[in-house]
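This is data24.cif. It holds mmCIF, C-alpha atoms and all ligand atoms.
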data_protein
#
loop_
_atom_site.label_atom_id
_atom_site.label_comp_id
_atom_site.auth_asym_id
_atom_site.auth_seq_id
_atom_site.Cartn_x
_atom_site.Cartn_y
_atom_site.Cartn_z
CA MET A 1 -55.06 21.90 -2.78
CA LYS A 2 -55.30 22.86 -6.47
CA PRO A 3 -53.43 20.62 -8.94
CA PHE A 4 -50.09 22.43 -8.72
CA GLN A 5 -46.97 20.87 -10.16
CA ILE A 6 -43.80 21.58 -8.20
CA PHE A 7 -40.38 20.94 -9.74
CA THR A 8 -36.71 21.69 -9.33
CA ALA A 9 -36.63 24.03 -12.31
CA THR A 10 -34.77 23.00 -15.47
CA GLN A 11 -33.95 24.58 -18.86
CA GLU A 12 -37.53 24.04 -20.04
CA HIS A 13 -38.71 26.47 -17.34
CA LEU A 14 -36.49 29.36 -18.53
CA PRO A 15 -39.39 31.03 -20.42
CA TYR A 16 -41.17 31.52 -17.07
CA ALA A 17 -38.39 33.78 -15.68
CA PRO A 18 -40.06 37.10 -16.74
CA ALA A 19 -43.32 36.06 -15.00
CA VAL A 20 -41.35 35.24 -11.82
CA VAL A 21 -39.70 38.68 -11.89
CA ASP A 22 -43.09 40.38 -12.37
CA ALA A 23 -44.53 38.46 -9.40
CA ILE A 24 -41.58 39.50 -7.18
CA ASN A 25 -41.84 43.14 -8.33
CA ASP A 26 -45.60 43.26 -7.67
CA ALA A 27 -45.23 41.72 -4.19
CA SER A 28 -42.40 44.09 -3.24
CA LYS A 29 -44.74 47.07 -3.67
CA VAL A 30 -46.84 45.94 -0.70
CA LYS A 31 -45.86 47.95 2.37
CA GLY A 32 -44.01 45.95 5.01
CA THR A 33 -42.77 43.33 2.55
CA GLY A 34 -38.99 43.13 2.43
CA LEU A 35 -38.19 41.48 -0.88
CA ALA A 36 -34.99 41.74 -2.91
CA LEU A 37 -35.73 42.44 -6.56
CA ARG A 38 -34.10 40.23 -9.17
CA THR A 39 -33.49 40.53 -12.90
CA VAL A 40 -34.73 38.03 -15.48
CA GLU A 41 -31.07 37.08 -16.11
CA TYR A 42 -30.54 36.33 -12.41
CA ILE A 43 -33.64 34.11 -12.22
CA GLU A 44 -32.53 32.35 -15.41
CA SER A 45 -29.07 31.72 -13.90
CA LYS A 46 -30.66 30.10 -10.83
CA ILE A 47 -32.75 27.87 -13.10
CA ARG A 48 -29.70 26.88 -15.18
CA GLU A 49 -27.70 26.06 -12.02
CA GLY A 50 -30.47 23.73 -10.76
CA LYS A 51 -31.00 26.02 -7.75
CA ALA A 52 -34.63 27.00 -8.25
CA VAL A 53 -38.02 25.52 -7.46
CA ILE A 54 -41.02 26.41 -9.59
CA ALA A 55 -44.72 25.73 -9.08
CA LEU A 56 -46.98 25.67 -12.11
CA TYR A 57 -50.75 25.77 -12.35
CA HIS A 58 -51.48 24.48 -15.83
CA ASP A 59 -49.14 26.67 -17.91
CA GLN A 60 -48.87 29.60 -15.48
CA VAL A 61 -46.27 30.28 -12.81
CA ALA A 62 -47.95 29.96 -9.42
CA GLY A 63 -44.85 30.26 -7.24
CA PHE A 64 -41.07 30.23 -7.10
CA CYS A 65 -38.07 30.07 -4.76
CA TYR A 66 -34.28 29.80 -5.24
CA ILE A 67 -31.19 28.92 -3.26
CA GLU A 68 -27.85 30.75 -3.10
CA CYS A 69 -24.48 29.64 -1.66
CA TRP A 70 -22.23 31.86 0.41
CA GLU A 71 -18.74 31.58 1.91
CA HIS A 72 -17.70 28.58 -0.21
CA GLN A 73 -20.93 26.65 0.53
CA ARG A 74 -20.66 27.14 4.30
CA TYR A 75 -24.08 28.81 4.10
CA VAL A 76 -27.05 28.33 1.80
CA ALA A 77 -29.83 30.90 1.66
CA THR A 78 -33.34 30.07 0.55
CA SER A 79 -34.60 33.28 -1.02
CA GLY A 80 -37.23 34.93 -3.15
CA LEU A 81 -40.16 32.76 -2.05
CA ILE A 82 -43.17 34.02 -3.93
CA VAL A 83 -46.72 32.78 -4.51
CA ARG A 84 -48.90 34.74 -6.93
CA PRO A 85 -51.83 36.33 -5.04
CA GLU A 86 -54.54 34.24 -6.73
CA PHE A 87 -52.88 31.02 -5.53
CA ARG A 88 -52.21 31.99 -1.90
CA GLY A 89 -53.78 30.21 1.06
CA ASN A 90 -53.49 26.74 -0.50
CA GLY A 91 -50.36 25.57 1.28
CA LEU A 92 -48.34 26.26 -1.86
CA ALA A 93 -45.58 28.33 -0.21
CA GLU A 94 -45.04 25.54 2.29
CA ALA A 95 -44.81 22.93 -0.49
CA ILE A 96 -42.35 25.06 -2.50
CA LYS A 97 -40.22 25.83 0.54
CA LYS A 98 -40.08 22.13 1.49
CA GLU A 99 -38.91 21.28 -2.03
CA ALA A 100 -36.23 24.02 -1.85
CA PHE A 101 -35.18 22.82 1.61
CA HIS A 102 -34.68 19.24 0.40
CA LEU A 103 -32.91 20.47 -2.75
CA ALA A 104 -30.46 22.47 -0.62
CA ARG A 105 -29.93 19.58 1.82
CA ARG A 106 -29.19 17.20 -1.07
CA LYS A 107 -26.80 19.58 -2.82
CA PHE A 108 -25.07 21.06 0.25
CA PRO A 109 -25.65 18.65 3.18
CA THR A 110 -23.19 20.29 5.58
CA ALA A 111 -24.18 23.91 4.88
CA LYS A 112 -26.06 26.03 7.37
CA MET A 113 -29.30 27.06 5.72
CA PHE A 114 -30.76 30.48 6.39
CA GLY A 115 -33.31 33.00 5.25
CA LEU A 116 -34.44 36.54 5.96
CA THR A 117 -38.12 37.28 6.11
CA THR A 118 -40.76 39.81 7.12
CA SER A 119 -43.52 37.23 6.55
CA LEU A 120 -45.33 35.43 9.37
CA ALA A 121 -46.27 32.69 6.89
CA VAL A 122 -42.59 32.10 6.08
CA MET A 123 -41.66 32.13 9.79
CA LYS A 124 -44.25 29.41 10.38
CA ILE A 125 -43.04 27.36 7.43
CA ASN A 126 -39.38 27.72 8.41
CA SER A 127 -40.08 26.77 12.03
CA ARG A 128 -41.78 23.57 10.88
CA LEU A 129 -38.68 22.72 8.85
CA GLY A 130 -36.45 23.15 11.92
CA PHE A 131 -35.25 26.74 11.42
CA VAL A 132 -34.83 28.93 14.51
CA PRO A 133 -34.77 32.74 14.73
CA VAL A 134 -31.32 34.26 15.21
CA THR A 135 -29.64 37.66 15.19
CA PHE A 136 -27.92 38.66 11.96
CA THR A 137 -24.55 37.91 13.62
CA GLU A 138 -25.27 34.18 13.03
CA LEU A 139 -25.73 34.61 9.28
CA THR A 140 -23.16 34.88 6.53
CA THR A 141 -20.85 37.88 6.59
CA ASP A 142 -20.31 37.67 2.82
CA PRO A 143 -20.81 41.27 1.60
CA GLU A 144 -22.26 39.95 -1.69
CA PHE A 145 -25.19 38.44 0.20
CA TRP A 146 -26.00 41.73 1.94
CA LYS A 147 -25.53 43.58 -1.35
CA GLY A 148 -28.48 41.53 -2.57
CA CYS A 149 -30.67 43.51 -0.13
CA GLU A 150 -29.89 46.79 -1.93
CA SER A 151 -33.05 46.56 -4.01
CA CYS A 152 -35.27 46.04 -0.93
CA GLN A 153 -37.31 49.10 0.08
CA TYR A 154 -35.84 48.91 3.63
CA PHE A 155 -32.15 48.74 2.62
CA ASP A 156 -31.39 52.07 4.34
CA VAL A 157 -32.37 50.50 7.69
CA LEU A 158 -29.93 47.62 7.15
CA GLU A 159 -27.20 50.00 6.04
CA ARG A 160 -27.61 52.25 9.09
CA SER A 161 -27.17 49.24 11.38
CA GLY A 162 -24.05 47.99 9.54
CA ASN A 163 -25.88 44.80 8.43
CA LYS A 164 -26.76 43.99 12.08
CA ASN A 165 -30.54 44.65 12.08
CA CYS A 166 -33.43 45.29 9.75
CA LEU A 167 -37.18 44.62 9.43
CA CYS A 168 -36.50 41.02 8.48
CA THR A 169 -36.05 38.22 10.98
CA GLY A 170 -33.08 35.94 10.30
CA MET A 171 -33.80 32.23 10.62
CA ILE A 172 -31.26 29.44 10.45
CA PHE A 173 -31.23 25.66 10.08
CA ASP A 174 -27.95 24.23 11.33
CA PRO A 175 -27.39 20.54 10.52
CA ALA A 176 -24.54 20.36 13.07
CA PRO A 177 -26.33 20.43 16.46
CA LYS A 178 -28.01 17.09 15.72
CA GLN A 179 -24.59 15.53 15.21
CA LYS A 180 -23.37 17.09 18.47
CA GLN A 181 -26.48 15.83 20.25
CA TRP A 182 -25.80 12.37 18.87
CA LYS A 183 -22.20 12.54 20.13
CA ARG A 184 -23.43 13.70 23.54
CA LYS A 185 -25.93 10.81 23.70
CA LYS A 186 -23.24 8.37 22.61
CA SER A 187 -20.80 9.59 25.26
CA SER A 188 -23.47 9.58 27.99
CA SER A 189 -24.43 5.98 27.13
CA LEU A 190 -20.75 5.10 27.33
CA SER A 191 -20.47 6.60 30.79
CA LEU A 192 -23.63 4.72 31.78
CA GLU A 193 -21.99 1.50 30.62
CA ASP A 194 -18.87 2.46 32.56
CA SER A 195 -20.85 3.03 35.72
CA THR A 196 -22.65 -0.32 35.39
CA ARG A 197 -19.43 -2.23 34.82
CA PRO A 198 -18.68 -4.45 37.86
CA MET A 199 -16.04 -2.98 40.10
CA GLN A 200 -12.77 -4.88 40.09
C1 LIG B 1 -45.75 34.66 2.04
C2 LIG B 1 -46.36 33.83 0.92
C3 LIG B 1 -45.22 33.19 0.13
C4 LIG B 1 -47.29 32.76 1.53
O1 LIG B 1 -47.82 31.98 0.48
P1 LIG B 1 -49.07 30.95 0.69
O2 LIG B 1 -49.02 29.95 -0.41
O3 LIG B 1 -50.31 31.72 0.84
O4 LIG B 1 -48.68 30.28 2.09
P2 LIG B 1 -49.24 28.85 2.63
O5 LIG B 1 -50.63 28.68 2.14
O6 LIG B 1 -48.26 27.79 2.29
O7 LIG B 1 -49.27 29.10 4.19
C5 LIG B 1 -48.30 28.61 5.08
C6 LIG B 1 -48.73 28.97 6.49
O8 LIG B 1 -48.68 30.39 6.67
C7 LIG B 1 -49.97 30.90 7.02
N1 LIG B 1 -50.14 32.16 6.31
C8 LIG B 1 -50.25 32.33 4.96
N2 LIG B 1 -50.37 33.66 4.70
C9 LIG B 1 -50.34 34.30 5.89
C10 LIG B 1 -50.41 35.65 6.26
N3 LIG B 1 -50.54 36.63 5.35
N4 LIG B 1 -50.36 35.96 7.58
C11 LIG B 1 -50.23 35.01 8.50
N5 LIG B 1 -50.13 33.68 8.22
C12 LIG B 1 -50.20 33.34 6.92
C13 LIG B 1 -50.95 29.85 6.56
O9 LIG B 1 -52.16 29.91 7.30
C14 LIG B 1 -50.16 28.58 6.80
O10 LIG B 1 -50.16 28.26 8.18
P3 LIG B 1 -51.09 27.05 8.75
O11 LIG B 1 -50.63 25.82 8.00
O12 LIG B 1 -50.76 27.04 10.19
O13 LIG B 1 -52.47 27.43 8.42
C15 LIG B 1 -47.21 34.73 -0.03
O14 LIG B 1 -48.16 35.43 0.74
C16 LIG B 1 -46.37 35.74 -0.81
O15 LIG B 1 -45.88 35.44 -1.92
N6 LIG B 1 -46.23 36.96 -0.26
C17 LIG B 1 -45.44 38.02 -0.91
C18 LIG B 1 -43.96 37.71 -1.00
C19 LIG B 1 -43.33 37.40 0.34
O16 LIG B 1 -43.58 38.02 1.35
N7 LIG B 1 -42.45 36.38 0.28
C20 LIG B 1 -41.68 35.97 1.42
C21 LIG B 1 -40.30 36.48 1.30
S1 LIG B 1 -39.28 35.85 2.57
#

Full structure transcribed into structure tokens:
Amino acid sequence: MKPFQIFTATQEHLPYAPAVVDAINDASKVKGTGLALRTVEYIESKIREGKAVIALYHDQVAGFCYIECWEHQRYVATSGLIVRPEFRGNGLAEAIKKEAFHLARRKFPTAKMFGLTTSLAVMKINSRLGFVPVTFTELTTDPEFWKGCESCQYFDVLERSGNKNCLCTGMIFDPAPKQKQWKRKKSSSLSLEDSTRPMQ
């Protein structure tokens, strides 16, 4: 892999926001790519809030991703994953997404994490992180989130389905099932102990 530097973005990365927006705009023009467009101000706000991951190659932006909270931090979306074309195929998207995943887990450990994607690469990356595909009914119902899709070239499809279906696949990482599994294991070991207890 090329010598990329991957960071949780900070104030010093604010000047890169216009290049991030250009990269998202260029990628959204490719047919079949469902990408929400963002303004420079929006990208800057994510950087200021400590909710963005940036990859640099020397002094150029190579890739970017940000996180957004919904329904009072019940859900966290990882969005806007982008790798500039000249840097693709190096495992960079996976490295950025991992960084964003750990950032979201640190900041919002009980939140369900989700994303929408048309990209096979992103589906692969998400699956490796423990995300599973779900219908849109499992995602946030916050209208502000779905409003964010308005700038996507396929928004009319989403609108016609009442936010139930679109070209994107929804994927979710739910931290809760592991806890349930643990409880189930704990209770089954208890019952095992019970059954091995000598009868009185
Ligand atoms: C999707 C995107 C982020 C992938 O970036 P990348 O740095 O090339 O991806 P990686 O090198 O980390 O690849 C991760 C995995 O996906 C696979 N992959 C990458 N591009 C792929 C493609 N076009 N089709 C199928 N698989 C692909 C890789 O082979 C790798 O899998 P492997 O480890 O099993 O070999 C990049 O192509 C992009 O910016 N596209 C436009 C914007 C976009 O669609 N963003 C996603 C929005 S949800």

Counting only C-alpha atoms and all ligand atoms, which of A:Ala176, A:Ile82, A:Val53, A:Cys168 gets nearest to ligand LIG 1 (chain B)?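 Selected residue with least distance to ligand LIG 1 (chain B): A:Ile82.
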
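Among the candidates A:Gly115, A:Pro85, A:Gly50, A:Pro18, the residue lying nearest to Thr169 in chain A is A:Gly115 (atoms considered: all atoms listed in the file).
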
Please identify all polymer residues within 7 Å of Ala55 in chain A, counting all atoms listed in the file, omitting same-chain residues fewer than 4 positions from it, and present them as a list in words.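 Returned residues: Phe4, Gln5, Ile6, Phe7, Val61, Ala62, Gly63 and Phe64 of chain A.
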
Could you work out how far CA of Thr33 in chain A lies from atom C13 of ligand LIG 1 (chain B), giving the answer in Å with one decimal?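 Spanning atom C13 of ligand LIG 1 (chain B) to CA of Thr33 in chain A is a straight-line distance of 16.3 Å.
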
In Å to one decimal, how far is CA of Thr8 in chain A from CA of Tyr66 in chain A?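 Between these atoms lies a distance of 9.4 Å.
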